[in-house]
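Structure file start.cif with mmCIF, C-alpha atoms:
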```cif
data_entry
#
loop_
_atom_site.label_atom_id
_atom_site.label_comp_id
_atom_site.auth_asym_id
_atom_site.auth_seq_id
_atom_site.Cartn_x
_atom_site.Cartn_y
_atom_site.Cartn_z
CA MET A 501 114.96 86.30 107.56
CA GLU A 502 118.36 87.26 106.21
CA HIS A 503 119.53 90.80 105.43
CA ALA A 504 120.95 92.37 102.30
CA TYR A 505 122.48 95.83 102.23
CA VAL A 506 121.50 97.71 99.11
CA ASP A 507 122.29 101.37 98.45
CA GLY A 508 122.67 102.13 102.15
CA ILE A 509 119.49 100.39 103.25
CA GLN A 510 118.83 96.98 104.77
CA LEU A 511 116.34 94.67 103.06
CA GLU A 512 114.97 91.55 104.74
CA TYR A 513 114.81 88.56 102.43
CA GLU A 514 114.33 84.81 102.40
CA VAL A 515 115.38 82.20 99.84
CA THR A 516 113.61 78.84 99.56
CA GLY A 517 114.34 76.05 97.11
CA ALA A 518 116.89 75.76 94.35
CA ARG A 519 117.28 75.90 90.58
CA GLU A 520 115.95 78.88 88.62
CA PRO A 521 115.58 82.04 90.72
CA VAL A 522 112.18 83.74 91.04
CA LEU A 523 111.98 87.14 92.76
CA LEU A 524 108.54 87.74 94.31
CA ILE A 525 107.69 91.43 94.87
CA HIS A 526 104.83 92.02 97.29
CA GLY A 527 102.20 94.72 97.06
CA ALA A 528 100.97 97.06 99.76
CA PHE A 529 99.36 96.04 103.04
CA VAL A 530 100.63 92.45 103.54
CA ALA A 531 104.37 92.16 102.95
CA ASP A 532 104.40 88.39 103.46
CA SER A 533 101.57 87.72 101.01
CA PHE A 534 103.77 85.32 99.01
CA ARG A 535 104.58 83.18 102.08
CA PRO A 536 102.07 80.44 101.13
CA PHE A 537 103.97 79.96 97.85
CA LEU A 538 107.09 78.99 99.81
CA ALA A 539 105.28 76.00 101.29
CA GLU A 540 104.31 74.58 97.90
CA PRO A 541 106.62 71.59 97.29
CA LYS A 542 106.34 71.82 93.49
CA LEU A 543 107.40 75.46 93.44
CA ALA A 544 110.22 75.10 95.98
CA GLY A 545 111.38 71.94 94.21
CA ASP A 546 111.64 73.57 90.78
CA TYR A 547 112.59 77.13 91.65
CA GLN A 548 114.67 79.22 94.00
CA LEU A 549 111.95 81.45 95.48
CA ILE A 550 113.17 84.80 96.76
CA THR A 551 110.83 86.89 98.88
CA TYR A 552 111.79 90.18 100.44
CA ARG A 553 110.20 93.06 102.25
CA ARG A 554 110.25 96.31 100.34
CA ARG A 555 111.55 99.49 101.97
CA GLY A 556 109.55 100.32 105.07
CA TYR A 557 107.95 96.88 105.42
CA GLY A 558 108.79 94.48 108.24
CA GLY A 559 112.42 94.85 109.25
CA SER A 560 113.57 96.44 105.99
CA GLY A 561 114.94 99.96 106.28
CA ARG A 562 112.76 103.01 106.01
CA THR A 563 113.42 106.37 104.47
CA ILE A 564 114.54 108.76 107.18
CA ASP A 565 112.05 111.50 106.34
CA ARG A 566 109.21 109.14 105.29
CA SER A 567 109.22 110.77 101.86
CA PRO A 568 107.60 108.83 99.01
CA VAL A 569 109.77 106.12 97.46
CA SER A 570 109.43 105.95 93.70
CA ALA A 571 108.89 102.78 91.70
CA GLU A 572 112.28 103.51 90.11
CA ARG A 573 114.00 103.49 93.52
CA GLN A 574 112.22 100.28 94.51
CA ALA A 575 113.13 98.65 91.18
CA ALA A 576 116.75 99.59 91.85
CA ASP A 577 116.42 97.87 95.24
CA CYS A 578 115.33 94.70 93.41
CA GLY A 579 118.34 94.89 91.15
CA GLY A 580 120.59 95.46 94.16
CA LEU A 581 119.10 92.45 95.95
CA LEU A 582 119.71 90.23 92.91
CA ARG A 583 123.32 91.43 92.76
CA TRP A 584 123.70 90.83 96.53
CA LEU A 585 122.59 87.25 95.93
CA GLY A 586 125.02 86.88 93.03
CA LEU A 587 122.26 86.43 90.46
CA GLN A 588 122.51 87.75 86.92
CA ARG A 589 118.86 87.10 85.93
CA ALA A 590 115.63 85.96 87.54
CA HIS A 591 112.00 85.38 86.80
CA ILE A 592 110.22 88.43 88.27
CA VAL A 593 106.72 88.23 89.79
CA GLY A 594 105.02 91.34 91.14
CA HIS A 595 101.64 91.66 92.82
CA SER A 596 99.61 94.89 93.03
CA PHE A 597 102.06 97.76 93.68
CA GLY A 598 104.80 95.12 93.45
CA GLY A 599 103.62 94.67 89.86
CA CYS A 600 104.48 98.32 89.21
CA VAL A 601 107.92 97.77 90.73
CA ALA A 602 108.41 94.62 88.62
CA LEU A 603 107.41 96.46 85.45
CA GLN A 604 109.78 99.31 86.31
CA LEU A 605 112.61 96.82 86.84
CA ALA A 606 111.91 95.34 83.38
CA LEU A 607 112.06 98.83 81.88
CA ASP A 608 115.18 99.97 83.76
CA ALA A 609 117.21 96.74 83.78
CA PRO A 610 115.80 94.29 81.21
CA GLN A 611 118.98 92.22 81.39
CA LEU A 612 118.00 91.14 84.92
CA VAL A 613 114.54 89.89 83.90
CA ARG A 614 114.26 86.36 82.50
CA THR A 615 110.43 86.48 82.49
CA LEU A 616 107.90 88.93 83.93
CA ALA A 617 104.59 88.07 85.61
CA LEU A 618 102.31 90.89 86.78
CA LEU A 619 99.53 89.85 89.18
CA GLU A 620 96.84 92.54 89.41
CA PRO A 621 99.34 95.38 88.88
CA ALA A 622 98.28 98.66 90.44
CA LEU A 623 98.56 100.68 87.25
CA PHE A 624 96.82 103.98 86.69
CA VAL A 625 95.58 103.21 83.19
CA GLY A 626 92.27 102.84 81.41
CA ALA A 627 88.79 103.93 82.37
CA SER A 628 89.23 103.15 86.07
CA ALA A 629 92.51 105.05 86.53
CA GLN A 630 91.02 108.19 88.05
CA SER A 631 88.62 106.39 90.38
CA TYR A 632 91.43 104.05 91.50
CA ARG A 633 93.69 107.02 92.30
CA GLU A 634 90.86 108.74 94.19
CA SER A 635 90.10 105.58 96.19
CA LEU A 636 93.74 105.34 97.28
CA LEU A 637 93.80 108.97 98.33
CA ARG A 638 90.51 108.53 100.26
CA SER A 639 92.00 105.49 102.02
CA ALA A 640 95.10 107.49 102.98
CA GLU A 641 92.90 110.29 104.36
CA ARG A 642 90.71 107.84 106.30
CA TYR A 643 93.88 106.24 107.69
CA ARG A 644 94.92 109.61 109.12
CA ILE A 645 91.47 110.16 110.65
CA GLU A 646 90.23 106.70 111.67
CA GLY A 647 93.38 104.61 111.86
CA ALA A 648 94.89 101.68 110.03
CA GLY A 649 92.60 98.95 111.39
CA VAL A 650 89.42 100.40 109.87
CA VAL A 651 90.95 101.03 106.45
CA MET A 652 92.74 97.67 106.39
CA GLU A 653 89.52 95.77 107.10
CA GLU A 654 87.69 97.68 104.35
CA PHE A 655 90.49 97.14 101.84
CA LEU A 656 90.66 93.39 102.44
CA ARG A 657 86.88 92.99 102.44
CA ALA A 658 86.56 94.85 99.13
CA ARG A 659 89.20 92.75 97.39
CA TRP A 660 88.55 89.33 98.95
CA PRO A 661 84.82 88.56 98.95
CA ALA A 662 85.17 85.73 101.52
CA TYR A 663 87.46 87.80 103.75
CA SER A 664 87.41 87.44 107.50
CA ARG A 665 90.31 88.00 109.84
CA ALA A 666 90.11 84.31 110.80
CA ALA A 667 90.44 83.29 107.13
CA LEU A 668 93.46 85.57 106.71
CA GLU A 669 95.05 84.11 109.85
CA GLN A 670 94.55 80.62 108.49
CA VAL A 671 96.28 81.46 105.19
CA LEU A 672 98.85 83.89 106.58
CA PRO A 673 99.29 83.76 110.37
CA GLY A 674 100.03 87.22 111.75
CA GLY A 675 99.27 88.85 108.39
CA PHE A 676 96.79 91.41 109.71
CA GLU A 677 99.06 92.50 112.58
CA HIS A 678 102.00 92.83 110.20
CA ALA A 679 99.84 94.93 107.88
CA LEU A 680 98.93 97.23 110.79
CA ARG A 681 102.60 97.66 111.70
CA ASP A 682 103.45 98.48 108.09
CA ALA A 683 100.50 100.87 107.64
CA PRO A 684 102.67 104.01 107.88
CA THR A 685 104.63 102.84 104.84
CA THR A 686 101.48 101.84 102.95
CA PHE A 687 99.58 105.07 103.58
CA GLU A 688 102.25 107.69 104.17
CA VAL A 689 104.95 106.58 101.74
CA ASN A 690 103.44 104.38 99.02
CA SER A 691 100.17 106.29 98.56
CA GLY A 692 102.14 109.52 98.35
CA ALA A 693 104.46 108.03 95.74
CA ARG A 694 101.49 106.97 93.64
CA ASP A 695 99.82 110.36 93.91
CA ARG A 696 102.98 112.12 92.77
CA SER A 697 103.12 109.97 89.64
CA ARG A 698 100.33 112.00 88.01
#
```

structure tokens encoding of this file:
Amino acid sequence: MEHAYVDGIQLEYEVTGAREPVLLIHGAFVADSFRPFLAEPKLAGDYQLITYRRRGYGGSGRTIDRSPVSAERQAADCGGLLRWLGLQRAHIVGHSFGGCVALQLALDAPQLVRTLALLEPALFVGASAQSYRESLLRSAERYRIEGAGVVMEEFLRARWPAYSRAALEQVLPGGFEHALRDAPTTFEVNSGARDRSR
């Protein structure tokens, strides 16, 4: 992966394809969840696909004190990455918590957003908002007590009915191990940022 330097922090990124730029913003747990998209000839043939690892994921920089990183700060990182790449506008796609970041980018810098696609955005709205928040906080607590592996398995099993580690490895080799390495960001930084948004 290549490296961009945005507001004093390094972000890992990768660009595949050409033509219209599409910035893909990953959610929590698996930072490379968009990797299968990069192998799709139709997508890479028609678009310039930009994936990156948000703060604290993979080789991207972390906050020194592991304090929560707001959606606003992460949206600013997206804008900084687009500027680093010399892009004035892009299609923006965000998944899960990445959907929150994408939405924040559209609110803060609409001039950068050509189109916006939110895939299962992790928004605290509607009838399920409170139970969703509580489930995230329970997961963060279980992470501290039982470790990342247990919580990661439960999370993936709950959201992917046919989940098995072998199936994940087939779709995204090394995905589970990467998720374990990034667990401190997921549970100590991102969950905290969400809780403080109340």

Could you work out an axis-aligned box for stretch 516-520 of chain A, taking every atom the file lists and adding 3 Å on each side, and report centre and edge lengths in Å to one decimal, as lines of an AutoDock Vina configuration file?
```
center_x = 115.4
center_y = 77.3
center_z = 94.1
size_x = 9.7
size_y = 9.1
size_z = 16.9
```

Handout entry: Between atom CA of A:Ala528 and atom CA of A:Gly647 - distance in Å to one decimal
Key =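 Computing the Euclidean distance for atom CA of A:Gly647 and atom CA of A:Ala528 yields 16.2 Å.
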
Practice task
Can you turn the PyMOL selection byres ((chain A and resi 549) around 10) into a concrete residue list for this file, as a VMD selection string?
Solution key: chain A and resid 514 to 524 534 537 to 538 543 to 548 550 to 551 590 to 591

Practice task
Just give me the gap between atom CA of A:Ile592 and atom CA of A:Tyr557 in Å, one decimal is fine.
Solution key: 19.3 Å

Problem - Nearest to A:Phe676 by atom-to-atom distance, counting all atoms listed in the file, from A:Asp532, A:Glu502, A:Glu688, A:Glu512 - result: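 The answer is A:Asp532, which sits nearest to A:Phe676.
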
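Proximity of A:Arg573, A:Ser596, A:Ser664, A:Pro621 to A:Ser533, computed with all atoms listed in the file, is greatest for A:Ser596.
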
Handout entry: Counting all atoms listed in the file, the residue of A:Gln611, A:Ser560, A:Gln670, A:Ser639 that sits nearest A:Thr686
Key =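 Among the listed residues, the smallest separation from A:Thr686 belongs to A:Ser639.
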
Exercise for the section: Work out how far apart atom CA of A:Ile645 and atom CA of A:Leu680 are and give it in Å to one decimal. Expected result: 14.9 Å

Because some atoms of stretch 655-678 of chain A are absent here, can you restore N, CA and C atoms and send them as a compact mmCIF listing (two decimals), in the coordinates of the input?
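rebuild29.txt, freshly written:
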```txt
# COMPACT_ATOMS: atom_id res chain seq x y z
N PHE A 655 89.71 97.50 103.02
CA PHE A 655 90.49 97.14 101.84
C PHE A 655 90.42 95.64 101.59
N LEU A 656 90.66 94.85 102.60
CA LEU A 656 90.66 93.39 102.44
C LEU A 656 89.27 92.86 102.10
N ARG A 657 88.25 93.42 102.72
CA ARG A 657 86.88 92.99 102.44
C ARG A 657 86.47 93.31 100.99
N ALA A 658 86.92 94.44 100.49
CA ALA A 658 86.56 94.85 99.13
C ALA A 658 87.25 93.99 98.07
N ARG A 659 88.43 93.48 98.38
CA ARG A 659 89.20 92.75 97.39
C ARG A 659 89.16 91.23 97.55
N TRP A 660 88.62 90.77 98.66
CA TRP A 660 88.55 89.33 98.95
C TRP A 660 87.14 89.06 99.46
N PRO A 661 86.23 88.69 98.58
CA PRO A 661 84.82 88.56 98.95
C PRO A 661 84.57 87.67 100.18
N ALA A 662 85.36 86.63 100.37
CA ALA A 662 85.17 85.73 101.52
C ALA A 662 86.04 86.12 102.71
N TYR A 663 86.53 87.37 102.71
CA TYR A 663 87.46 87.80 103.75
C TYR A 663 86.83 87.76 105.14
N SER A 664 87.62 87.26 106.07
CA SER A 664 87.41 87.44 107.50
C SER A 664 88.81 87.41 108.09
N ARG A 665 88.98 87.99 109.23
CA ARG A 665 90.31 88.00 109.84
C ARG A 665 90.74 86.57 110.14
N ALA A 666 89.79 85.71 110.52
CA ALA A 666 90.11 84.31 110.80
C ALA A 666 90.62 83.61 109.54
N ALA A 667 90.00 83.90 108.38
CA ALA A 667 90.44 83.29 107.13
C ALA A 667 91.85 83.76 106.77
N LEU A 668 92.12 85.05 106.98
CA LEU A 668 93.46 85.57 106.71
C LEU A 668 94.47 84.90 107.62
N GLU A 669 94.14 84.75 108.90
CA GLU A 669 95.05 84.11 109.85
C GLU A 669 95.34 82.67 109.46
N GLN A 670 94.35 82.00 108.90
CA GLN A 670 94.55 80.62 108.49
C GLN A 670 95.54 80.54 107.32
N VAL A 671 95.40 81.45 106.37
CA VAL A 671 96.28 81.46 105.19
C VAL A 671 97.64 82.06 105.51
N LEU A 672 97.64 83.13 106.31
CA LEU A 672 98.85 83.89 106.58
C LEU A 672 98.87 84.32 108.05
N PRO A 673 99.28 83.42 108.94
CA PRO A 673 99.29 83.76 110.37
C PRO A 673 100.06 85.05 110.65
N GLY A 674 99.42 85.94 111.41
CA GLY A 674 100.03 87.22 111.75
C GLY A 674 99.95 88.27 110.66
N GLY A 675 99.31 87.94 109.53
CA GLY A 675 99.27 88.85 108.39
C GLY A 675 98.62 90.19 108.70
N PHE A 676 97.49 90.16 109.43
CA PHE A 676 96.79 91.41 109.71
C PHE A 676 97.63 92.30 110.63
N GLU A 677 98.23 91.71 111.65
CA GLU A 677 99.06 92.50 112.58
C GLU A 677 100.28 93.08 111.87
N HIS A 678 100.87 92.31 110.98
CA HIS A 678 102.00 92.83 110.20
C HIS A 678 101.55 94.00 109.33
```
